[in-house]
Amino acid sequence: MHTTADGRLVAFHDPTLDRVTDARGRIARLPWSAVRRARVAGREPLPLFEELLEEFPDARWNVDLKAESALEPLVSLVRRANAWDRVCVGSFNEGRVARARRAAGERLATSFGVRGVVGLRLRSYGIPAALRAGAVAAQVPEAQGGVRVVDRRFVREAHARGLQVHVWTVNDPARMEALLDLGVDGIMTDHLETLRTVLTGRGAWG
């Protein structure tokens, strides 16, 4: 999630338009009137997050706070749209998530940062570790740096603490099946049709 120079909240991964759109420039330095003309792969416009909340009122959203400038506009939008039960906020920057939680209060759903995930992994091995209160999920890679993060023990520990486990980024259907067998609650993927096929085969789609 990034904000334009005039404060509009754009649902887009990269800080610049250069990599996947037909335009160039840093989103934070451009007005929405310029950003809205960009097309992903020459076809699709970049959406405002408020448009997504309105267009898909039953959808739930994982939001990555990519920039500090997005924090206040996001909290304000979630409050204005009363979307507390539809938005979960995460970031590699744990301080940013903590600031979002302070700005929004306890109603804002957030995921663990790196320290929370490490603490959860340690606890899954029976090693005491502090866990910050307030998170509703651990959003993690299946493995990191050759070290496995998600296994049955990790999922069991998370569930015992009322936390969901969401795994990214999984594109192989065999890995999707294996993770679902472990009991993970969510999978992030670049291949939605593949995930839908897997979930449909398990009677878990729709």
# chains A, B, ... in the order shown; residues from 1 in each chain; ligands from 1
call {"tool": "residues_around", "arguments": {"residues": "Leu182 in chain A", "least_positions_apart": "2", "cutoff": "7 Å", "atoms": "only C-alpha atoms", "output": "compact mmCIF listing (two decimals) with C-alpha atoms, in the first residue's frame"}}
result
# COMPACT_ATOMS: atom_id res chain seq x y z
CA ASP A 151 5.54 -27.19 9.92
CA ARG A 152 2.90 -29.00 11.93
CA ALA A 178 0.88 -30.03 1.68
CA LEU A 179 0.37 -26.76 3.54
CA LEU A 180 -3.38 -27.22 3.67
CA VAL A 184 -2.67 -23.46 7.49
call {"tool": "select_by_dssp", "arguments": {"residues": "range 42-189 of chain A", "states": "strand (DSSP E)", "output": "ChimeraX atom specification"}}
result
/A:44-45,61-64,87-90,109-111,135-141,143-144,147-148,164-168,186-187
call {"tool": "write_last_selection", "arguments": {"atoms": "C-alpha atoms", "output": "tab-separated table (two decimals), in the first residue's frame"}}
result
chain	number	residue	atom	x	y	z
A	44	GLU	CA	-5.26	-2.56	-15.98
A	45	PRO	CA	-5.43	0.66	-13.93
A	61	TRP	CA	-7.89	-7.85	2.74
A	62	ASN	CA	-4.30	-8.41	3.81
A	63	VAL	CA	-2.63	-5.01	3.62
A	64	ASP	CA	1.14	-4.52	3.62
A	87	VAL	CA	-8.66	-5.65	6.93
A	88	CYS	CA	-5.52	-7.18	8.43
A	89	VAL	CA	-2.41	-4.98	8.46
A	90	GLY	CA	1.14	-6.26	8.28
A	109	ALA	CA	-6.28	-6.62	13.10
A	110	THR	CA	-2.54	-7.02	12.55
A	111	SER	CA	-0.10	-9.81	11.83
A	135	ALA	CA	-1.72	-9.90	16.46
A	136	VAL	CA	-4.34	-12.15	14.90
A	137	ALA	CA	-2.10	-13.99	12.44
A	138	ALA	CA	1.40	-15.08	11.54
A	139	GLN	CA	2.01	-14.33	7.86
A	140	VAL	CA	5.16	-16.17	6.88
A	141	PRO	CA	7.15	-17.82	4.09
A	143	ALA	CA	10.98	-21.39	4.62
A	144	GLN	CA	13.52	-18.60	5.01
A	147	VAL	CA	15.33	-22.78	7.53
A	148	ARG	CA	11.82	-24.21	7.55
A	164	GLN	CA	-4.10	-17.96	12.05
A	165	VAL	CA	-1.20	-18.99	9.79
A	166	HIS	CA	-1.00	-17.44	6.31
A	167	VAL	CA	1.83	-18.60	4.04
A	168	TRP	CA	3.43	-16.70	1.14
A	186	GLY	CA	-4.46	-18.96	4.25
A	187	ILE	CA	-2.20	-19.12	1.20
call {"tool": "select_by_dssp", "arguments": {"residues": "range 29-199 of chain A", "states": "helix (DSSP H, G or I)", "output": "PyMOL selection string"}}
result
chain A and resi 29+32-35+49-55+68-81+94-104+114-124+152-160+173-182+192-199
call {"tool": "residues_around", "arguments": {"residues": "His2 in chain A", "least_positions_apart": "2", "cutoff": "9 Å", "atoms": "only C-alpha atoms", "output": "ChimeraX atom specification"}}
result
/A:4,8-15,27-28,65-70
call {"tool": "write_last_selection", "arguments": {"atoms": "C-alpha atoms", "output": "PDB file, in the first residue's frame"}}
result
ATOM      1  CA  THR A   4       0.327   9.502  -3.794  1.00  0.00           C
ATOM      2  CA  ARG A   8      -4.569   8.947  -2.043  1.00  0.00           C
ATOM      3  CA  LEU A   9      -4.122   5.346  -0.888  1.00  0.00           C
ATOM      4  CA  VAL A  10      -3.118   3.108  -3.812  1.00  0.00           C
ATOM      5  CA  ALA A  11      -3.265  -0.694  -3.673  1.00  0.00           C
ATOM      6  CA  PHE A  12       0.063  -1.417  -5.350  1.00  0.00           C
ATOM      7  CA  HIS A  13       3.170  -3.379  -4.367  1.00  0.00           C
ATOM      8  CA  ASP A  14       6.057  -1.355  -5.780  1.00  0.00           C
ATOM      9  CA  PRO A  15       7.082   2.153  -4.692  1.00  0.00           C
ATOM     10  CA  ILE A  27       4.128   7.019  -6.485  1.00  0.00           C
ATOM     11  CA  ALA A  28       4.829   9.178  -3.434  1.00  0.00           C
ATOM     12  CA  LEU A  65       2.065  -1.058   4.848  1.00  0.00           C
ATOM     13  CA  LYS A  66       4.872  -0.458   2.372  1.00  0.00           C
ATOM     14  CA  ALA A  67       5.378   3.178   3.329  1.00  0.00           C
ATOM     15  CA  GLU A  68       5.094   5.222   6.504  1.00  0.00           C
ATOM     16  CA  SER A  69       3.014   7.762   4.606  1.00  0.00           C
ATOM     17  CA  ALA A  70       0.298   5.124   4.106  1.00  0.00           C
TER      18      ALA A  70
END
call {"tool": "residues_around", "arguments": {"residues": "His191 in chain A", "least_positions_apart": "5", "cutoff": "12 Å", "atoms": "only C-alpha atoms", "output": "PyMOL selection string"}}
result
chain A and resi 168-173+176+196-198
call {"tool": "write_last_selection", "arguments": {"atoms": "N, CA and C atoms", "output": "mmCIF file, in the first residue's frame"}}
result
data_model
loop_
_atom_site.group_PDB
_atom_site.id
_atom_site.type_symbol
_atom_site.label_atom_id
_atom_site.label_comp_id
_atom_site.auth_asym_id
_atom_site.auth_seq_id
_atom_site.Cartn_x
_atom_site.Cartn_y
_atom_site.Cartn_z
ATOM 1 N N TRP A 168 3.124 -17.330 2.431
ATOM 2 C CA TRP A 168 3.432 -16.704 1.139
ATOM 3 C C TRP A 168 4.789 -17.179 0.631
ATOM 4 N N THR A 169 5.067 -17.006 -0.613
ATOM 5 C CA THR A 169 4.159 -16.944 -1.765
ATOM 6 C C THR A 169 4.216 -18.335 -2.390
ATOM 7 N N VAL A 170 3.085 -19.023 -2.468
ATOM 8 C CA VAL A 170 3.046 -20.435 -2.843
ATOM 9 C C VAL A 170 2.351 -20.583 -4.197
ATOM 10 N N ASN A 171 3.104 -21.042 -5.210
ATOM 11 C CA ASN A 171 2.558 -21.182 -6.562
ATOM 12 C C ASN A 171 2.459 -22.629 -7.040
ATOM 13 N N ASP A 172 3.115 -23.534 -6.342
ATOM 14 C CA ASP A 172 3.120 -24.952 -6.711
ATOM 15 C C ASP A 172 1.916 -25.652 -6.073
ATOM 16 N N PRO A 173 1.045 -26.272 -6.883
ATOM 17 C CA PRO A 173 -0.142 -26.915 -6.300
ATOM 18 C C PRO A 173 0.193 -28.012 -5.296
ATOM 19 N N MET A 176 0.821 -26.276 -2.090
ATOM 20 C CA MET A 176 -0.465 -25.811 -1.551
ATOM 21 C C MET A 176 -1.169 -26.942 -0.821
ATOM 22 N N ARG A 196 -7.469 -21.895 -6.642
ATOM 23 C CA ARG A 196 -8.904 -22.202 -6.695
ATOM 24 C C ARG A 196 -9.134 -23.670 -7.060
ATOM 25 N N THR A 197 -8.350 -24.179 -8.004
ATOM 26 C CA THR A 197 -8.477 -25.586 -8.392
ATOM 27 C C THR A 197 -8.181 -26.505 -7.213
ATOM 28 N N VAL A 198 -7.117 -26.173 -6.463
ATOM 29 C CA VAL A 198 -6.747 -26.984 -5.297
ATOM 30 C C VAL A 198 -7.860 -26.947 -4.254
#
call {"tool": "atom_distance", "arguments": {"atom1": "CA of Val75 in chain A", "atom2": "CA of Ala104 in chain A"}}
result
6.0 Å
call {"tool": "atom_distance", "arguments": {"atom1": "CA of Gly146 in chain A", "atom2": "CA of Met1 in chain A"}}
result
28.6 Å
call {"tool": "atom_distance", "arguments": {"atom1": "CA of Gly105 in chain A", "atom2": "CA of Leu163 in chain A"}}
result
18.7 Å
